[in-house]
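Coordinates from query-v2.txt are shown below (compact mmCIF, C-alpha atoms and all ligand atoms).
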```
# COMPACT_ATOMS: atom_id res chain seq x y z
CA MET A 1032 -25.75 28.67 296.14
CA PRO A 1033 -24.10 31.12 293.74
CA SER A 1034 -21.43 32.17 296.22
CA ASN A 1035 -20.36 28.60 296.86
CA ARG A 1036 -20.26 27.87 293.17
CA LEU A 1037 -18.09 30.93 292.54
CA TYR A 1038 -15.87 30.07 295.47
CA SER A 1039 -15.29 26.59 294.14
CA LEU A 1040 -14.48 27.95 290.70
CA ALA A 1041 -12.02 30.39 292.19
CA LYS A 1042 -10.21 27.65 294.01
CA LEU A 1043 -10.01 25.57 290.87
CA TRP A 1044 -8.80 28.30 288.53
CA PRO A 1045 -6.23 26.29 286.70
CA LEU A 1046 -8.83 23.68 285.79
CA PHE A 1047 -11.78 25.90 285.07
CA ALA A 1048 -10.52 29.17 283.69
CA GLY A 1049 -10.21 27.88 280.16
CA ALA A 1050 -13.65 26.32 280.22
CA VAL A 1051 -15.21 29.44 281.69
CA LEU A 1052 -13.63 31.62 279.06
CA SER A 1053 -14.48 29.37 276.19
CA SER A 1054 -18.06 29.23 277.41
CA GLY A 1055 -18.16 33.00 277.03
CA LEU A 1056 -19.10 33.56 280.64
CA GLY A 1057 -15.89 35.13 281.87
CA TYR A 1058 -15.80 36.62 285.33
CA GLY A 1059 -17.10 39.96 286.36
CA CYS A 1060 -17.19 40.85 289.99
CA LEU A 1061 -15.78 37.75 291.55
CA HIS A 1062 -15.91 39.11 295.04
CA GLU A 1063 -16.77 36.47 297.48
CA THR A 1064 -18.83 37.24 300.38
CA LYS A 1065 -19.77 36.43 303.84
CA PRO A 1066 -22.34 33.62 303.45
CA ALA A 1067 -25.85 34.90 302.84
CA ASP A 1068 -27.07 33.20 305.96
CA ALA A 1069 -24.48 34.89 308.18
CA ALA A 1070 -25.87 36.35 311.35
CA GLY A 1071 -24.52 39.77 310.51
CA VAL A 1072 -26.62 40.34 307.39
CA ALA A 1073 -29.06 43.01 308.40
CA THR A 1074 -32.37 44.13 306.97
CA PRO A 1075 -32.72 47.86 306.25
CA PRO A 1076 -33.80 49.92 309.24
CA ALA A 1077 -37.48 50.82 309.42
CA SER A 1078 -36.71 54.45 308.64
CA GLN A 1079 -35.69 53.50 305.13
CA PRO A 1080 -38.13 52.65 302.40
CA PRO A 1081 -38.45 48.99 301.43
CA GLY A 1082 -37.12 47.83 298.10
CA LYS A 1083 -34.03 48.65 296.15
CA GLY A 1084 -34.46 52.43 295.83
CA SER A 1085 -33.72 54.30 292.66
CA MET A 1086 -30.78 55.85 290.89
CA LEU A 1087 -29.95 59.55 290.93
CA ALA A 1088 -32.49 61.32 288.75
CA THR A 1089 -30.56 64.37 287.71
CA GLU A 1090 -27.22 65.06 286.15
CA THR A 1091 -24.89 67.62 287.69
CA SER A 1092 -23.22 69.97 285.23
CA ILE A 1093 -19.48 70.33 285.75
CA PRO A 1094 -16.86 72.76 284.43
CA ALA A 1095 -14.82 71.69 281.43
CA ALA A 1096 -11.76 69.67 282.43
CA SER A 1097 -9.50 72.43 281.09
CA GLU A 1098 -11.01 74.79 283.69
CA ARG A 1099 -10.61 72.41 286.63
CA THR A 1100 -7.58 71.92 288.85
CA THR A 1101 -6.45 68.32 288.48
CA PRO A 1102 -6.55 66.14 291.61
CA VAL A 1103 -2.77 65.74 291.64
CA ALA A 1104 -2.21 69.50 291.19
CA SER A 1105 -4.59 70.12 294.05
CA HIS A 1106 -3.45 67.39 296.50
CA GLY A 1107 0.14 66.62 295.47
CA GLN A 1108 2.06 63.96 297.38
CA LEU A 1109 -0.37 62.00 299.54
CA ALA A 1110 0.34 60.69 303.02
CA VAL A 1111 -1.46 59.05 305.93
CA LYS A 1112 -1.97 60.91 309.19
CA GLY A 1113 -3.65 58.87 311.91
CA ALA A 1114 -6.51 57.07 310.16
CA GLN A 1115 -6.85 59.70 307.42
CA LEU A 1116 -5.47 60.07 303.93
CA VAL A 1117 -4.07 63.60 303.71
CA ASP A 1118 -2.68 65.83 300.98
CA ALA A 1119 0.72 67.51 300.76
CA SER A 1120 -0.39 70.25 303.13
CA GLY A 1121 -1.74 67.78 305.71
CA LYS A 1122 -5.42 68.37 304.93
CA PRO A 1123 -7.79 65.39 304.56
CA ALA A 1124 -7.97 64.14 300.97
CA VAL A 1125 -10.88 62.06 299.68
CA LEU A 1126 -10.32 60.37 296.33
CA ARG A 1127 -13.34 59.11 294.39
CA GLY A 1128 -13.05 57.14 291.22
CA GLN A 1129 -13.70 54.27 288.90
CA GLY A 1130 -11.97 50.93 288.60
CA PHE A 1131 -11.28 48.91 285.48
CA GLY A 1132 -12.33 45.27 285.06
CA TRP A 1133 -9.79 42.44 284.94
CA ASP A 1134 -7.23 43.52 282.33
CA ASN A 1135 -7.02 40.02 280.90
CA TRP A 1136 -10.74 39.97 280.10
CA TRP A 1137 -11.38 43.61 279.19
CA PRO A 1138 -8.08 44.64 277.60
CA GLN A 1139 -9.78 46.95 275.12
CA TYR A 1140 -10.46 49.54 277.82
CA TYR A 1141 -6.85 49.74 279.05
CA ASN A 1142 -5.81 52.89 277.24
CA ALA A 1143 -5.19 56.59 277.88
CA ASP A 1144 -8.36 57.63 276.01
CA VAL A 1145 -10.59 55.86 278.54
CA VAL A 1146 -8.61 57.39 281.42
CA ARG A 1147 -8.90 60.85 279.87
CA TRP A 1148 -12.66 60.40 279.37
CA LEU A 1149 -13.14 59.31 282.99
CA TRP A 1150 -11.36 62.47 284.10
CA GLU A 1151 -13.04 64.82 281.63
CA ASP A 1152 -16.62 63.50 281.75
CA TRP A 1153 -16.85 61.58 285.06
CA CYS A 1154 -14.55 63.88 287.07
CA VAL A 1155 -12.72 60.98 288.71
CA ASP A 1156 -9.84 61.70 291.08
CA VAL A 1157 -8.44 58.22 290.71
CA VAL A 1158 -8.67 55.09 288.54
CA ARG A 1159 -7.79 51.52 289.43
CA PRO A 1160 -6.40 49.17 286.79
CA ALA A 1161 -6.98 45.58 287.98
CA MET A 1162 -4.14 43.35 286.85
CA GLY A 1163 -5.46 39.79 286.75
CA ILE A 1164 -2.91 37.37 288.18
CA GLU A 1165 -4.17 33.81 288.20
CA PRO A 1166 -6.44 33.17 285.19
CA ASP A 1167 -4.99 31.69 282.03
CA GLY A 1168 -3.50 34.52 279.97
CA ALA A 1169 -3.20 36.88 282.95
CA TYR A 1170 0.00 38.05 284.67
CA LEU A 1171 1.45 34.71 285.78
CA SER A 1172 1.27 33.30 282.25
CA ASN A 1173 1.75 36.46 280.17
CA SER A 1174 3.35 39.16 282.27
CA ALA A 1175 4.58 41.27 279.36
CA ALA A 1176 1.07 41.84 278.00
CA SER A 1177 -0.26 42.57 281.50
CA LYS A 1178 2.44 45.13 282.23
CA GLN A 1179 1.80 46.85 278.91
CA ARG A 1180 -1.91 47.24 279.71
CA ILE A 1181 -1.32 48.47 283.26
CA GLU A 1182 1.32 50.95 282.16
CA ALA A 1183 -1.00 52.36 279.48
CA VAL A 1184 -3.43 53.28 282.25
CA VAL A 1185 -0.70 54.55 284.60
CA GLU A 1186 0.74 56.75 281.84
CA GLY A 1187 -2.78 57.96 280.99
CA ALA A 1188 -3.39 58.90 284.63
CA ILE A 1189 -0.09 60.77 284.87
CA ALA A 1190 -0.94 62.66 281.68
CA ALA A 1191 -4.43 63.51 282.97
CA GLY A 1192 -3.21 64.59 286.43
CA ILE A 1193 -5.19 62.00 288.39
CA TYR A 1194 -4.18 59.27 290.84
CA VAL A 1195 -3.90 55.61 289.85
CA ILE A 1196 -4.08 52.52 292.04
CA VAL A 1197 -2.16 49.59 290.58
CA ASP A 1198 -4.13 46.59 291.83
CA TRP A 1199 -2.52 43.13 292.07
CA HIS A 1200 -5.82 41.43 291.31
CA ALA A 1201 -5.12 38.10 292.96
CA HIS A 1202 -7.09 35.82 295.25
CA ASN A 1203 -4.12 33.78 296.48
CA LEU A 1204 -0.57 34.47 297.66
CA HIS A 1205 2.16 34.83 295.02
CA GLU A 1206 4.83 36.57 297.04
CA PRO A 1207 7.97 36.25 294.86
CA GLU A 1208 6.05 37.39 291.77
CA ALA A 1209 4.47 40.31 293.64
CA VAL A 1210 7.82 41.40 295.08
CA ALA A 1211 9.36 41.41 291.60
CA PHE A 1212 6.44 43.24 289.99
CA PHE A 1213 6.08 45.99 292.60
CA SER A 1214 9.83 46.47 292.81
CA GLU A 1215 9.95 47.15 289.08
CA LEU A 1216 6.84 49.37 289.21
CA ALA A 1217 8.19 51.45 292.11
CA ALA A 1218 11.54 51.88 290.39
CA LYS A 1219 9.77 53.14 287.29
CA TYR A 1220 6.99 55.29 288.79
CA GLY A 1221 7.78 55.78 292.48
CA ASP A 1222 8.84 59.38 291.96
CA LYS A 1223 5.37 60.25 290.62
CA PRO A 1224 2.83 61.38 293.22
CA ASN A 1225 0.06 59.82 291.08
CA VAL A 1226 0.83 56.18 291.87
CA ILE A 1227 -0.75 54.12 294.67
CA TYR A 1228 0.10 50.44 295.17
CA GLU A 1229 -2.55 47.84 296.08
CA ILE A 1230 -0.53 44.75 296.79
CA PHE A 1231 -3.22 42.05 297.12
CA ASN A 1232 -6.75 42.61 295.88
CA GLU A 1233 -8.81 40.11 297.82
CA PRO A 1234 -7.35 37.36 299.96
CA GLU A 1235 -9.83 34.58 300.57
CA LYS A 1236 -10.59 32.50 303.64
CA ASP A 1237 -7.47 30.37 303.57
CA GLU A 1238 -4.96 33.21 303.86
CA THR A 1239 -4.61 34.15 307.51
CA TRP A 1240 -3.94 37.68 308.68
CA PRO A 1241 -0.51 36.70 310.09
CA GLN A 1242 0.40 35.24 306.67
CA LEU A 1243 -0.82 38.38 304.95
CA LYS A 1244 1.22 40.54 307.32
CA GLU A 1245 4.37 38.65 306.35
CA TYR A 1246 3.51 38.98 302.67
CA ALA A 1247 2.81 42.72 303.09
CA ALA A 1248 6.10 43.28 304.90
CA ALA A 1249 8.00 41.65 302.02
CA VAL A 1250 6.21 43.56 299.25
CA ILE A 1251 6.27 46.88 301.11
CA GLY A 1252 9.99 46.39 301.74
CA ALA A 1253 10.56 45.93 298.00
CA ILE A 1254 8.55 49.05 297.15
CA ARG A 1255 10.24 51.18 299.79
CA LYS A 1256 13.68 50.48 298.33
CA HIS A 1257 12.61 52.61 295.38
CA ASP A 1258 9.77 54.75 296.68
CA PRO A 1259 9.92 56.01 300.26
CA ASP A 1260 6.52 57.61 300.46
CA ASN A 1261 3.66 56.72 298.08
CA ILE A 1262 0.52 55.15 299.55
CA ILE A 1263 0.37 51.34 299.80
CA ILE A 1264 -2.97 49.55 300.28
CA VAL A 1265 -2.94 46.20 302.09
CA GLY A 1266 -5.67 43.55 301.77
CA ASN A 1267 -7.14 41.37 304.51
CA PRO A 1268 -8.87 37.97 304.75
CA GLU A 1269 -12.31 37.13 303.39
CA TRP A 1270 -12.31 39.48 300.43
CA ASP A 1271 -11.22 42.52 302.46
CA GLN A 1272 -14.00 42.23 304.96
CA ARG A 1273 -11.91 41.25 308.01
CA ILE A 1274 -10.79 44.76 308.80
CA ASP A 1275 -11.44 43.77 312.43
CA LEU A 1276 -8.44 41.42 312.27
CA VAL A 1277 -6.32 44.32 311.01
CA ALA A 1278 -7.57 46.56 313.81
CA GLY A 1279 -6.49 43.98 316.38
CA ASP A 1280 -3.01 43.57 314.94
CA PRO A 1281 -1.95 46.22 312.38
CA LEU A 1282 1.42 46.31 310.61
CA GLN A 1283 4.12 47.97 312.66
CA GLY A 1284 6.87 50.34 311.61
CA GLN A 1285 5.42 51.24 308.19
CA THR A 1286 4.42 54.65 306.91
CA ASN A 1287 1.73 55.64 304.43
CA VAL A 1288 -0.01 52.28 304.58
CA MET A 1289 -3.79 51.92 304.33
CA TYR A 1290 -6.06 48.87 304.49
CA SER A 1291 -8.75 47.91 302.00
CA VAL A 1292 -12.42 47.34 302.65
CA HIS A 1293 -14.48 46.09 299.69
CA PHE A 1294 -18.26 46.14 299.64
CA TYR A 1295 -21.07 45.13 297.29
CA ALA A 1296 -24.00 47.00 298.72
CA ASP A 1297 -26.75 44.41 298.30
CA THR A 1298 -24.67 41.79 300.15
CA HIS A 1299 -22.47 43.71 302.57
CA ARG A 1300 -24.67 45.89 304.70
CA ASP A 1301 -24.70 47.37 308.19
CA TRP A 1302 -22.56 44.60 309.65
CA LEU A 1303 -19.64 45.57 307.43
CA ARG A 1304 -20.17 49.28 307.99
CA GLN A 1305 -20.13 48.69 311.75
CA ARG A 1306 -17.00 46.56 311.52
CA THR A 1307 -15.32 49.25 309.40
CA GLN A 1308 -16.37 52.04 311.77
CA ALA A 1309 -14.86 50.17 314.71
CA ALA A 1310 -11.56 49.84 312.83
CA ILE A 1311 -11.51 53.52 311.90
CA ASP A 1312 -12.28 54.43 315.50
CA ALA A 1313 -9.29 52.30 316.51
CA GLY A 1314 -7.07 54.37 314.20
CA ILE A 1315 -6.95 52.12 311.13
CA PRO A 1316 -6.66 54.00 307.79
CA VAL A 1317 -9.26 52.50 305.43
CA PHE A 1318 -9.44 52.81 301.64
CA VAL A 1319 -12.53 51.40 299.90
CA SER A 1320 -10.59 50.31 296.86
CA GLU A 1321 -13.43 48.33 295.30
CA SER A 1322 -17.20 48.51 295.66
CA GLY A 1323 -20.49 48.27 293.84
CA GLY A 1324 -24.24 48.57 294.20
CA SER A 1325 -25.08 44.99 293.30
CA ASP A 1326 -24.60 41.76 295.20
CA ALA A 1327 -21.16 40.24 295.65
CA SER A 1328 -21.32 38.16 292.48
CA GLY A 1329 -21.96 41.30 290.43
CA SER A 1330 -25.24 40.00 289.15
CA GLY A 1331 -28.68 40.58 290.54
CA GLN A 1332 -29.87 44.16 290.84
CA ASN A 1333 -28.35 47.31 292.23
CA ASN A 1334 -29.63 48.10 295.71
CA PHE A 1335 -29.72 51.89 295.73
CA VAL A 1336 -30.88 52.13 299.34
CA GLU A 1337 -27.85 50.22 300.65
CA TRP A 1338 -25.55 51.85 298.09
CA GLN A 1339 -26.55 55.30 299.37
CA ALA A 1340 -26.09 54.14 302.97
CA TRP A 1341 -22.49 53.35 302.03
CA GLN A 1342 -22.02 56.73 300.34
CA ASP A 1343 -23.24 58.45 303.50
CA PHE A 1344 -20.95 56.28 305.62
CA MET A 1345 -17.93 57.02 303.42
CA ASP A 1346 -18.70 60.75 303.34
CA LYS A 1347 -19.00 60.87 307.14
CA ASN A 1348 -15.64 59.12 307.55
CA HIS A 1349 -13.86 60.93 304.66
CA LEU A 1350 -13.11 57.61 302.99
CA SER A 1351 -11.65 57.33 299.52
CA ARG A 1352 -13.46 54.93 297.24
CA ILE A 1353 -13.46 53.15 293.90
CA ASN A 1354 -16.37 51.68 291.94
CA TRP A 1355 -16.11 48.38 290.01
CA SER A 1356 -15.84 48.29 286.92
CA VAL A 1357 -15.11 49.45 283.35
CA SER A 1358 -16.36 46.36 281.57
CA ASP A 1359 -19.23 45.46 279.27
CA LYS A 1360 -20.22 42.01 280.45
CA THR A 1361 -23.70 41.15 279.25
CA GLY A 1362 -26.31 41.39 281.97
CA GLU A 1363 -23.86 42.15 284.76
CA ALA A 1364 -25.16 44.81 287.17
CA CYS A 1365 -21.72 46.07 288.21
CA SER A 1366 -20.39 46.55 284.67
CA ILE A 1367 -20.67 50.23 283.78
CA LEU A 1368 -20.92 49.60 280.03
CA GLU A 1369 -23.48 47.93 277.84
CA PRO A 1370 -22.05 45.25 275.55
CA GLY A 1371 -19.84 46.84 272.92
CA GLY A 1372 -19.33 50.09 274.88
CA ASN A 1373 -16.76 52.26 273.10
CA ALA A 1374 -13.20 51.13 273.89
CA LYS A 1375 -11.97 54.74 273.67
CA GLY A 1376 -14.41 56.37 276.10
CA ASN A 1377 -16.74 59.11 274.74
CA TRP A 1378 -19.62 57.06 276.11
CA THR A 1379 -23.16 58.13 275.28
CA PRO A 1380 -25.95 57.51 277.82
CA ALA A 1381 -27.08 54.57 275.70
CA GLU A 1382 -23.69 52.91 276.19
CA LEU A 1383 -23.89 53.12 279.99
CA THR A 1384 -25.67 50.58 282.17
CA GLU A 1385 -27.82 51.59 285.13
CA SER A 1386 -24.79 51.47 287.43
CA GLY A 1387 -22.71 53.35 284.85
CA LYS A 1388 -25.22 56.19 284.68
CA HIS A 1389 -25.58 56.24 288.45
CA MET A 1390 -21.85 56.32 289.12
CA ARG A 1391 -21.21 58.98 286.49
CA ASN A 1392 -23.87 61.22 288.06
CA LEU A 1393 -22.57 60.50 291.54
CA LEU A 1394 -18.96 61.31 290.67
CA ARG A 1395 -20.03 64.49 288.87
CA SER A 1396 -21.99 65.56 291.96
CA TYR A 1397 -18.69 65.55 293.92
CA CYS A 1398 -16.68 67.28 291.17
CA GLY A 1399 -14.34 69.90 292.62
CA LYS A 1400 -15.41 69.11 296.19
MG MG B 1 7.23 58.55 295.89
```

Using the file provided, produce a representation of the structure as structure tokens.
Amino acid sequence: MPSNRLYSLAKLWPLFAGAVLSSGLGYGCLHETKPADAAGVATPPASQPPGKGSMLATETSIPAASERTTPVASHGQLAVKGAQLVDASGKPAVLRGQGFGWDNWWPQYYNADVVRWLWEDWCVDVVRPAMGIEPDGAYLSNSAASKQRIEAVVEGAIAAGIYVIVDWHAHNLHEPEAVAFFSELAAKYGDKPNVIYEIFNEPEKDETWPQLKEYAAAVIGAIRKHDPDNIIIVGNPEWDQRIDLVAGDPLQGQTNVMYSVHFYADTHRDWLRQRTQAAIDAGIPVFVSESGGSDASGSGQNNFVEWQAWQDFMDKNHLSRINWSVSDKTGEACSILEPGGNAKGNWTPAELTESGKHMRNLLRSYCGK
């Protein structure tokens, strides 16, 4: 089964990463999933048409970027009130945006030109650079190169006036390294309202929620020494799908903390929406910091029926959300770019994949709202 194969590869990174890279496969959306045979996987309700649906047919025209108020000018310093992300005046804020692929595999897109294009042409409120941690050549083995790529995107976001989530794109605990990294980041950028910290992308099955709470307390403590107020996003077990564990035992004594839910619409359906709704109803602030229309491996096809069900769910709950990812992996449904897509932005329709076109249209349809 593909998910088992990917899971095994993930656990054996040190052994396999080199072979995977040299084979040219690389990783796209490595987002493990509840097993396909899990009881919670639901079929679409009868009221919805069968099949995978279709992408948005029309393009929304938007004002030129120079005529728009930037997200940071309009929202300012973010905070959390109850379960809701709010702006500087206490009004609900919903950030919608696009995430980058692993920086170690798609370094060419980590530049201010791509950030500027996503703001100007896609009308994103937020971007999410994904700093790979474990693979060979990523942060743990070449931290200087990783920091340079992440900072290029952070600086680009500050220049454009949009928010930026710095994602520690790990699948296992590396607490001392994370404490050091986020401490340095917060000291450098914590006075900027643009920056949001995501301290652990996707824990797997072998990190327990109590372990993750301890990890979060340590990393949050390091950030708060330098930055008293910016938003911090905390991950939870099983690839950010155990938001129910968070709801039963949230962090105590922290401010401006949110919790991630990640979905890939063809895999994670009503069962995850229901679980997320229950957490929100219990007062848990949720940020959908990664998502896509395909299955959890990133391959297969986009399921537009389920993808739209998630959009409706997120709209109803005023959830902020990020799509995965700015990458050009051949044949991968969740990559927004066709192979060779321009590394400086300025993408033509021919350079965008089906999910790239869909997400661009979707983000434009929310522009200024
Ligand atoms: Mg601050």

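Contact shell of segment 1133-1139 of chain A at 6 Å (all atoms listed in the file; same-chain neighbours under 3 positions omitted): Ala1161, Met1162, Gly1163, Ala1169 and Ala1374 of chain A.
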
* **Pick from A:Ile1189, A:Val1195, A:Ile1254, A:Leu1368, whichever lies nearest to ligand MG 1 (chain B) using only C-alpha atoms and all ligand atoms** =>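 Closest residue, counting only C-alpha atoms and all ligand atoms: A:Ile1254.
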
Just the residues within 7 Å of segment 1338-1354 of chain A, please, counting all atoms listed in the file, with nothing from its chain fewer than 3 positions along; format it as a PDB file with C-alpha atoms, in the coordinates of the input.
```
ATOM      1  CA  VAL A1125     -10.880  62.060 299.680  1.00  0.00           C
ATOM      2  CA  LEU A1126     -10.320  60.370 296.330  1.00  0.00           C
ATOM      3  CA  ARG A1127     -13.340  59.110 294.390  1.00  0.00           C
ATOM      4  CA  GLY A1128     -13.050  57.140 291.220  1.00  0.00           C
ATOM      5  CA  GLN A1129     -13.700  54.270 288.900  1.00  0.00           C
ATOM      6  CA  GLY A1130     -11.970  50.930 288.600  1.00  0.00           C
ATOM      7  CA  ALA A1296     -24.000  47.000 298.720  1.00  0.00           C
ATOM      8  CA  VAL A1317      -9.260  52.500 305.430  1.00  0.00           C
ATOM      9  CA  PHE A1318      -9.440  52.810 301.640  1.00  0.00           C
ATOM     10  CA  VAL A1319     -12.530  51.400 299.900  1.00  0.00           C
ATOM     11  CA  SER A1320     -10.590  50.310 296.860  1.00  0.00           C
ATOM     12  CA  GLU A1321     -13.430  48.330 295.300  1.00  0.00           C
ATOM     13  CA  SER A1322     -17.200  48.510 295.660  1.00  0.00           C
ATOM     14  CA  GLY A1323     -20.490  48.270 293.840  1.00  0.00           C
ATOM     15  CA  GLY A1324     -24.240  48.570 294.200  1.00  0.00           C
ATOM     16  CA  ASN A1334     -29.630  48.100 295.710  1.00  0.00           C
ATOM     17  CA  PHE A1335     -29.720  51.890 295.730  1.00  0.00           C
TER      18      PHE A1335
END
```

* Straight-line distance linking atom CA of Ala1114 of chain A with atom CA of Leu1394 of chain A, stated in Å to one decimal -> 23.5 Å

* Could you tell me, counting all atoms listed in the file, which protein and nucleic acid residues lie no more than 6 Å from ligand MG 1 (chain B), written as a ChimeraX atom specification? => /A:1221-1224,1258-1261

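Our summary of the geometry notes that atom CA of Ala1247 of chain A is positioned 14.4 Å from atom CA of His1202 of chain A.
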
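Of the listed residues A:Leu1204, A:Leu1149, A:Leu1116, A:Ala1096, the one whose atoms come nearest to Ile1227 of chain A is A:Leu1116, with distances taken using all atoms listed in the file.
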
* Structure fact -> Among A:Thr1100, A:Gln1179, A:Asn1267, A:Asn1225, Tyr1194 of chain A is approached most closely, using only C-alpha atoms, by A:Asn1225

* 12 Å contact set for Glu1385 of chain A, all atoms listed in the file, chain neighbours under 6 positions out, as a PyMOL selection string -> chain A and resi 1085-1088+1323-1325+1332-1335+1362-1369+1391-1392

Spatial neighbours of Glu1090 of chain A, max dist 10 Å, all atoms listed in the file, sep filter under 6 positions, as a compact mmCIF listing (two decimals) with C-alpha atoms, keeping the file's coordinate frame:
```txt
# COMPACT_ATOMS: atom_id res chain seq x y z
CA LYS A 1388 -25.22 56.19 284.68
CA HIS A 1389 -25.58 56.24 288.45
CA ARG A 1391 -21.21 58.98 286.49
CA ASN A 1392 -23.87 61.22 288.06
CA LEU A 1393 -22.57 60.50 291.54
CA ARG A 1395 -20.03 64.49 288.87
CA SER A 1396 -21.99 65.56 291.96
```

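When atom CA of Lys1375 of chain A is paired with atom CA of Tyr1141 of chain A, their separation reads 9.0 Å.
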
* **Residue with smallest distance to Ala1327 of chain A - pool A:Asp1312, A:Asp1152, A:Asp1359, A:Asp1297, counting only C-alpha atoms** =>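 Between A:Asp1312, A:Asp1152, A:Asp1359, A:Asp1297, the residue approaching Ala1327 of chain A most closely is A:Asp1297.
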
* **Selection near segment 1277-1289 of chain A, 9 Å with all atoms listed in the file, sequence-local residues under 4 positions removed, as a count of residues only** => 32

* Closest to Gly1399 of chain A among A:Asp1144, A:Asp1301, A:Glu1215, A:Asp1156, using all atoms listed in the file? -> A:Asp1156
